[in-house]
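Enquirer: The structure that follows is given in the form of structure tokens.
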Amino acid sequence: MDIFAGQSLIVILVVGLVAGWLAGKLVRGGGFGIIGDIIVGIIGALIGRWLFATLKISIGVNFWVDAILTATIGAVILLFVLRLIKR
């Protein structure tokens, strides 16, 4: 169930960076810097995996596509909720 089960730290950081950057582009129009993108992407991965497991959704293409899409969707949700709270 865990999106990063058995993965190395480098893989986690790369997926977090890509997902955070993509979410930043989709929601805000820009990234948050390397550290910010990684943090947003990793938190997004946790949110996305929980959401997909709850809704019983599976992308099932391969690890990289699944991890990046799941993390990006979760990160977009995270940024959207943060934007609502900030207002």
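So you can find residues: chains in the structure tokens are A, B, ... in the order shown, residues in each start at 1, and ligands are numbered from 1 in order.
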Using DSSP secondary structure from the backbone, list all alpha helix (DSSP H) positions within chain A, as an MDAnalysis selection string.
Expert: chainID A and resid 9:27 33:55 63:86
Enquirer: Find the spatial neighbours of region 33-41 of chain A, counting only C-alpha atoms, within a cut-off of 10 Å - ignore same-chain residues fewer than 3 positions away - and output them as a ChimeraX atom specification.
Expert: /A:12-24,30,44-48,68,70-76,78-79
Enquirer: So the first atom is CA of Leu82 (chain A) and the second is CA of Leu26 (chain A); what is the distance between them in Å, to one decimal place?
Expert: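 It comes out at 14.3 Å.
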Enquirer: Go ahead and compute the interatomic distance for CA of Lys25 (chain A) and CA of Ile43 (chain A), in Å to one decimal.
Expert: 16.5 Å
Enquirer: Calculate how many Å separate CA of Arg87 (chain A) from CA of Trp50 (chain A), rounding to one decimal.
Expert: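 Distance between the two atoms: 25.9 Å.
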